[in-house]
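A.B. asks: Take this structure first; my questions come after.
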Amino acid sequence: MTQTLHIVGGGMAGSEAAWQAANAGCRVVIHEMRPKVETFAHRTGNLAEMVCSNSFRSDDDEQNAVGLLHWEMRQAGGIIMATADAHKLPAGGALAVDRDPFAEAVTAKLTAHPNISVSYEEVDSLPDDGHWIIATGPLTSGKLAEAIRAETGAEALAFFDAIAPIVYAETIDMGIAWEQSRYDKGETEEEQKAYINCPMTKDQYEAFIDALLAADKTEFKEGETAGYFDGCLPIEVMAERGRETLRHGPMKPIGLTNPHNPTEKAYAVAQLRRDNALGTLYNIVGFQTKMKYGAQTEVFRMIPGLQDAKFARLGGIHRNTFLNSPTLLDGQMRLKSRPNIRFAGQITGVEGYVESAAMGLLAGRLAVAEMTGTALPPVPHTTAMGALVTHITGGAEAKTFQPMNVNFGLFPPVEGLKGGRRGRKDRYKAYTDRAKADWAEWLAASALDAA
Ligand SMILES: Cc1cc2nc3c(=O)[nH]c(=O)nc-3n(C[C@H](O)[C@H](O)[C@H](O)COP(=O)(O)OP(=O)(O)OC[C@H]3O[C@@H](n4cnc5c(N)ncnc54)[C@H](O)[C@@H]3O)c2cc1C
């Protein structure tokens, strides 16, 4: 192959994309700004540096969606998983990694690859031609972020995530909660029932505010905070401004009638809004938070109707540069307005080391297929890889799009299985069995021969 694939950013996604493309016979240049230009979180000049925790989370490929993603990446010969396996530390069912030897080994393998070269420089503009993957992550440098913003529009590139917790729909108690949009707004019945409402009495509300104020919170890191307060106040900060603030904000009870108890007005209402096209996930509207994860579960389960809620992801607010991918990227992860550029990794709106590397793996393969004129079958939605890429490139609600971990709520349901907690083990096994068969078939059908 005479063409070169340029990859900007040698983190989790860029490293994996480079490995996949180079092994398929493609010449690759990785453009990495560190160590010349630093970020507030990275410490070294290594490729694939883990910036915070040293965990790749659960390694259970039968009962856990991220464990399944590990499995799929191993099947595809991924460098990130192979190197993590070689440097794993004891951590029960999780895959913990000895971070420095891990990053050093990824760097050594990539720099020794005959098809890969690394150019240590900051890229500060969007290239007009050639084949490019931009994988510059949550801490994309300022100049490049500005260039992306100029191309996509200010609304479509965020610098912070303000994540409200996301609940599995099947774990909401609809004997307490009900479906209704405020004032029954909307043309269709679906729109008039677009929200799930959880009612609170005065006593329940007061207890909830007490718990919010007392909960353990996470501190911001240095360099992380500037500008985040615009329009995304953490729920506990709202509560600190006055005990009634939430009742006049995201928890206002007006325009809603509880069909389980129509004569009594709720004192406050927490609302949940659909988070994906499948209708399997709901986010708690306006509940972005800096509470620690353990505290969040406890506090949010105080909301009537959510007492048994299971969370697909908990809330957070972080420095995070990410695109509104559902509107900007096509199904091949290409920028619609400049199809010579793909995006991969956390900047596409996935969250986490593993998910970012997974999107790099896919972007690398898709780029090579395009460069060699090979038609790849679509990645099955039933696989962890397919569920993620489908979510970011169209399955998610564009208006409320926030970064997402892989979870079973993104998968199309397997028909004919028992719902609820009791059926969970069989259901998850059915998801992972189906995913493994479909991923193996996709890999076999989309083999990219070294050219
Ligand atoms: C403070 C912080 C803590 C986090 N903690 C965790 C955690 O504990 N667990 C977890 O799973 N995830 C965590 N994340 C998310 C984490 O960043 C991602 O999971 C993962 O690193 C994203 O991979 P990536 O390849 O998209 O980005 P990165 O791994 O960040 O790689 C992007 C690379 O692009 C380079 N780059 C940026 N701009 C340019 C440019 N203009 N030109 C050239 N190179 C450029 C950067 O130097 C970097 O090497 C954290 C993120 C932050 C910011």
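Chain labels run A, B, ... following the order of the structure tokens; each chain numbers its residues from 1, and ligands are numbered from 1 in the order shown.
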Residues within 7 Å of ligand 1 (only C-alpha atoms and all ligand atoms), as a ChimeraX atom specification?

C.D. replies: /A:8-14,31-34,38-39,41,47-56,121-124,135-141,143-144,319-320,344-347,351-354,356-357

A.B. asks: If we count only C-alpha atoms and set the cut-off at 10 Å, which residues sit around Glu170 in chain A, ignoring sequence neighbours fewer than 3 positions away in its own chain? Please answer as number ranges by chain.

C.D. replies: A: 167, 173-174, 279-282, 309-310, 409, 419-421

A.B. asks: So how many Å separate CA of Lys252 in chain A and CA of Arg182 in chain A, to one decimal?

C.D. replies: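 Answer for the CA of Lys252 in chain A to CA of Arg182 in chain A separation: 10.0 Å.
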
A.B. asks: Do you know which residues are at most 12 Å from Arg427 in chain A counting only C-alpha atoms, after dropping those on the same chain fewer than 4 positions away, and could you put them as JSON, numbers by chain?

C.D. replies: {"A": [62, 63, 64, 65, 408, 409, 411, 412, 413, 414, 415, 416, 417, 418, 419, 420, 421, 422, 423, 431, 432, 433, 434]}

A.B. asks: Just write the chosen residues, N, CA and C atoms, as an mmCIF file, in the first residue's frame.

C.D. replies:
```
data_model
loop_
_atom_site.group_PDB
_atom_site.id
_atom_site.type_symbol
_atom_site.label_atom_id
_atom_site.label_comp_id
_atom_site.auth_asym_id
_atom_site.auth_seq_id
_atom_site.Cartn_x
_atom_site.Cartn_y
_atom_site.Cartn_z
ATOM 1 N N GLU A 62 -18.563 -13.210 30.345
ATOM 2 C CA GLU A 62 -19.891 -13.842 30.248
ATOM 3 C C GLU A 62 -20.983 -12.977 30.861
ATOM 4 N N GLN A 63 -20.608 -12.182 31.899
ATOM 5 C CA GLN A 63 -21.640 -11.466 32.654
ATOM 6 C C GLN A 63 -21.437 -9.965 32.665
ATOM 7 N N ASN A 64 -20.430 -9.480 31.960
ATOM 8 C CA ASN A 64 -20.125 -8.056 32.042
ATOM 9 C C ASN A 64 -19.790 -7.493 30.654
ATOM 10 N N ALA A 65 -20.365 -6.332 30.346
ATOM 11 C CA ALA A 65 -20.202 -5.791 28.989
ATOM 12 C C ALA A 65 -18.759 -5.355 28.712
ATOM 13 N N PHE A 408 -24.880 -3.263 28.996
ATOM 14 C CA PHE A 408 -25.856 -4.089 28.281
ATOM 15 C C PHE A 408 -27.092 -3.303 27.837
ATOM 16 N N GLY A 409 -27.330 -2.133 28.435
ATOM 17 C CA GLY A 409 -28.454 -1.304 27.993
ATOM 18 C C GLY A 409 -28.300 -0.831 26.548
ATOM 19 N N PHE A 411 -27.360 -2.810 24.120
ATOM 20 C CA PHE A 411 -27.527 -3.961 23.237
ATOM 21 C C PHE A 411 -29.003 -4.172 22.919
ATOM 22 N N PRO A 412 -29.322 -4.607 21.689
ATOM 23 C CA PRO A 412 -30.719 -4.971 21.425
ATOM 24 C C PRO A 412 -31.107 -6.152 22.313
ATOM 25 N N PRO A 413 -32.311 -6.119 22.923
ATOM 26 C CA PRO A 413 -32.691 -7.207 23.820
ATOM 27 C C PRO A 413 -32.689 -8.570 23.116
ATOM 28 N N VAL A 414 -32.394 -9.626 23.885
ATOM 29 C CA VAL A 414 -32.550 -10.993 23.349
ATOM 30 C C VAL A 414 -33.992 -11.384 23.666
ATOM 31 N N GLU A 415 -34.743 -11.741 22.627
ATOM 32 C CA GLU A 415 -36.168 -12.031 22.825
ATOM 33 C C GLU A 415 -36.368 -13.302 23.642
ATOM 34 N N GLY A 416 -37.482 -13.358 24.345
ATOM 35 C CA GLY A 416 -37.925 -14.603 24.991
ATOM 36 C C GLY A 416 -37.255 -14.916 26.312
ATOM 37 N N LEU A 417 -36.520 -13.921 26.890
ATOM 38 C CA LEU A 417 -35.873 -14.203 28.181
ATOM 39 C C LEU A 417 -36.572 -13.446 29.297
ATOM 40 N N LYS A 418 -36.495 -14.018 30.507
ATOM 41 C CA LYS A 418 -37.147 -13.407 31.660
ATOM 42 C C LYS A 418 -36.526 -12.041 31.994
ATOM 43 N N GLY A 419 -37.383 -11.027 32.278
ATOM 44 C CA GLY A 419 -36.869 -9.720 32.680
ATOM 45 C C GLY A 419 -36.551 -9.712 34.171
ATOM 46 N N GLY A 420 -36.204 -8.523 34.702
ATOM 47 C CA GLY A 420 -35.999 -8.356 36.144
ATOM 48 C C GLY A 420 -34.702 -8.966 36.630
ATOM 49 N N ARG A 421 -34.501 -8.844 37.960
ATOM 50 C CA ARG A 421 -33.245 -9.308 38.558
ATOM 51 C C ARG A 421 -33.041 -10.803 38.418
ATOM 52 N N ARG A 422 -34.148 -11.565 38.567
ATOM 53 C CA ARG A 422 -34.020 -13.025 38.578
ATOM 54 C C ARG A 422 -33.436 -13.566 37.273
ATOM 55 N N GLY A 423 -33.868 -12.924 36.169
ATOM 56 C CA GLY A 423 -33.425 -13.448 34.873
ATOM 57 C C GLY A 423 -32.095 -12.884 34.417
ATOM 58 N N TYR A 431 -26.694 -12.451 26.014
ATOM 59 C CA TYR A 431 -26.089 -11.315 25.295
ATOM 60 C C TYR A 431 -24.664 -11.636 24.877
ATOM 61 N N THR A 432 -23.886 -12.199 25.821
ATOM 62 C CA THR A 432 -22.460 -12.388 25.522
ATOM 63 C C THR A 432 -22.258 -13.557 24.553
ATOM 64 N N ASP A 433 -23.097 -14.595 24.663
ATOM 65 C CA ASP A 433 -22.988 -15.706 23.696
ATOM 66 C C ASP A 433 -23.276 -15.199 22.281
ATOM 67 N N ARG A 434 -24.360 -14.419 22.180
ATOM 68 C CA ARG A 434 -24.742 -13.895 20.857
ATOM 69 C C ARG A 434 -23.644 -12.981 20.311
#
```

A.B. asks: Name the residues of range 384-432 of chain A that come out as helix (DSSP H, G or I) in a backbone DSSP run; write them as an MDAnalysis selection string.

C.D. replies: chainID A and resid 384:395 408:410 424:432

A.B. asks: Name all residues at most 12 Å from Lys336 in chain A (count only C-alpha atoms; drop same-chain ones fewer than 6 positions away) and give them as a PyMOL selection string.

C.D. replies: chain A and resi 151-152+325-330+342-343+393

A.B. asks: Write a file of the selected residues as a compact mmCIF listing (two decimals), in the first residue's frame, keeping N, CA and C atoms.

C.D. replies:
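again-v3.txt was written with the following content:
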```
# COMPACT_ATOMS: atom_id res chain seq x y z
N GLU A 151 -14.77 23.98 12.74
CA GLU A 151 -15.37 23.11 11.71
C GLU A 151 -16.77 22.64 12.12
N THR A 152 -16.92 22.29 13.40
CA THR A 152 -18.17 21.62 13.81
C THR A 152 -19.21 22.59 14.36
N SER A 325 -21.04 13.36 18.56
CA SER A 325 -20.84 12.38 17.48
C SER A 325 -22.13 11.97 16.76
N PRO A 326 -23.27 11.83 17.47
CA PRO A 326 -24.46 11.40 16.73
C PRO A 326 -24.82 12.34 15.58
N THR A 327 -24.46 13.64 15.71
CA THR A 327 -24.78 14.53 14.59
C THR A 327 -23.60 14.69 13.63
N LEU A 328 -22.38 14.50 14.13
CA LEU A 328 -21.21 14.87 13.31
C LEU A 328 -20.57 13.72 12.54
N LEU A 329 -20.66 12.49 13.10
CA LEU A 329 -19.95 11.37 12.49
C LEU A 329 -20.90 10.45 11.74
N ASP A 330 -20.40 9.86 10.65
CA ASP A 330 -21.21 8.85 9.97
C ASP A 330 -20.94 7.48 10.61
N ARG A 342 -11.30 10.64 10.29
CA ARG A 342 -12.08 9.85 11.25
C ARG A 342 -11.76 10.32 12.66
N PHE A 343 -12.63 10.08 13.58
CA PHE A 343 -12.34 10.31 15.00
C PHE A 343 -12.39 8.98 15.71
N THR A 393 -22.74 6.90 17.03
CA THR A 393 -22.94 7.45 15.69
C THR A 393 -24.43 7.53 15.32
```

A.B. asks: With only C-alpha atoms as the counted atoms, please give the residues lying no more than 9 Å from Arg313 in chain A, apart from itself and same-chain residues fewer than 4 positions off, as a PDB file with N, CA and C atoms, in the first residue's frame.

C.D. replies:
```pdb
ATOM      1  N   ILE A 163     -22.363  14.673  33.497  1.00  0.00           N
ATOM      2  CA  ILE A 163     -23.092  13.422  33.279  1.00  0.00           C
ATOM      3  C   ILE A 163     -24.115  13.210  34.379  1.00  0.00           C
ATOM      4  N   ALA A 164     -25.364  13.101  33.969  1.00  0.00           N
ATOM      5  CA  ALA A 164     -26.415  12.715  34.911  1.00  0.00           C
ATOM      6  C   ALA A 164     -26.412  11.186  34.979  1.00  0.00           C
ATOM      7  N   PRO A 165     -26.762  10.619  36.131  1.00  0.00           N
ATOM      8  CA  PRO A 165     -26.747   9.157  36.221  1.00  0.00           C
ATOM      9  C   PRO A 165     -27.730   8.525  35.242  1.00  0.00           C
ATOM     10  N   ILE A 166     -27.388   7.354  34.764  1.00  0.00           N
ATOM     11  CA  ILE A 166     -28.248   6.654  33.799  1.00  0.00           C
ATOM     12  C   ILE A 166     -28.716   5.335  34.408  1.00  0.00           C
ATOM     13  N   VAL A 167     -30.023   5.117  34.332  1.00  0.00           N
ATOM     14  CA  VAL A 167     -30.658   3.982  35.007  1.00  0.00           C
ATOM     15  C   VAL A 167     -31.167   2.999  33.951  1.00  0.00           C
ATOM     16  N   MET A 404     -20.242   7.810  27.245  1.00  0.00           N
ATOM     17  CA  MET A 404     -20.890   6.571  27.665  1.00  0.00           C
ATOM     18  C   MET A 404     -19.894   5.419  27.788  1.00  0.00           C
ATOM     19  N   ASN A 405     -20.027   4.667  28.880  1.00  0.00           N
ATOM     20  CA  ASN A 405     -19.317   3.386  29.015  1.00  0.00           C
ATOM     21  C   ASN A 405     -20.096   2.315  28.262  1.00  0.00           C
ATOM     22  N   ASN A 407     -22.259  -0.902  28.134  1.00  0.00           N
ATOM     23  CA  ASN A 407     -23.138  -1.572  29.108  1.00  0.00           C
ATOM     24  C   ASN A 407     -24.238  -2.292  28.344  1.00  0.00           C
TER      25      ASN A 407
END
```

A.B. asks: Rank nothing, just name the residue among A:Arg57, A:Ala103, A:His131, A:Met385 nearest to Ala369 in chain A, using only C-alpha atoms.

C.D. replies: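 Closest to Ala369 in chain A, using only C-alpha atoms: A:His131.
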
A.B. asks: Looking only at strand (DSSP E or B) from DSSP on the backbone, list the matching residues of range 285-379 of chain A as a PyMOL selection string.

C.D. replies: chain A and resi 291+311-313+316-323+329+334-335+338-343+350

A.B. asks: Just want the 8 Å neighbourhood of Trp19 in chain A, counted on only C-alpha atoms, with same-chain residues fewer than 5 positions away dropped. Output as a PyMOL selection string.

C.D. replies: chain A and resi 78-79+110+364

A.B. asks: When distances are computed from only C-alpha atoms, which of A:Gln402, A:Glu104, A:Phe322, A:Phe160 shows the smallest separation from His87 in chain A?

C.D. replies: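 Closest residue, counting only C-alpha atoms: A:Glu104.
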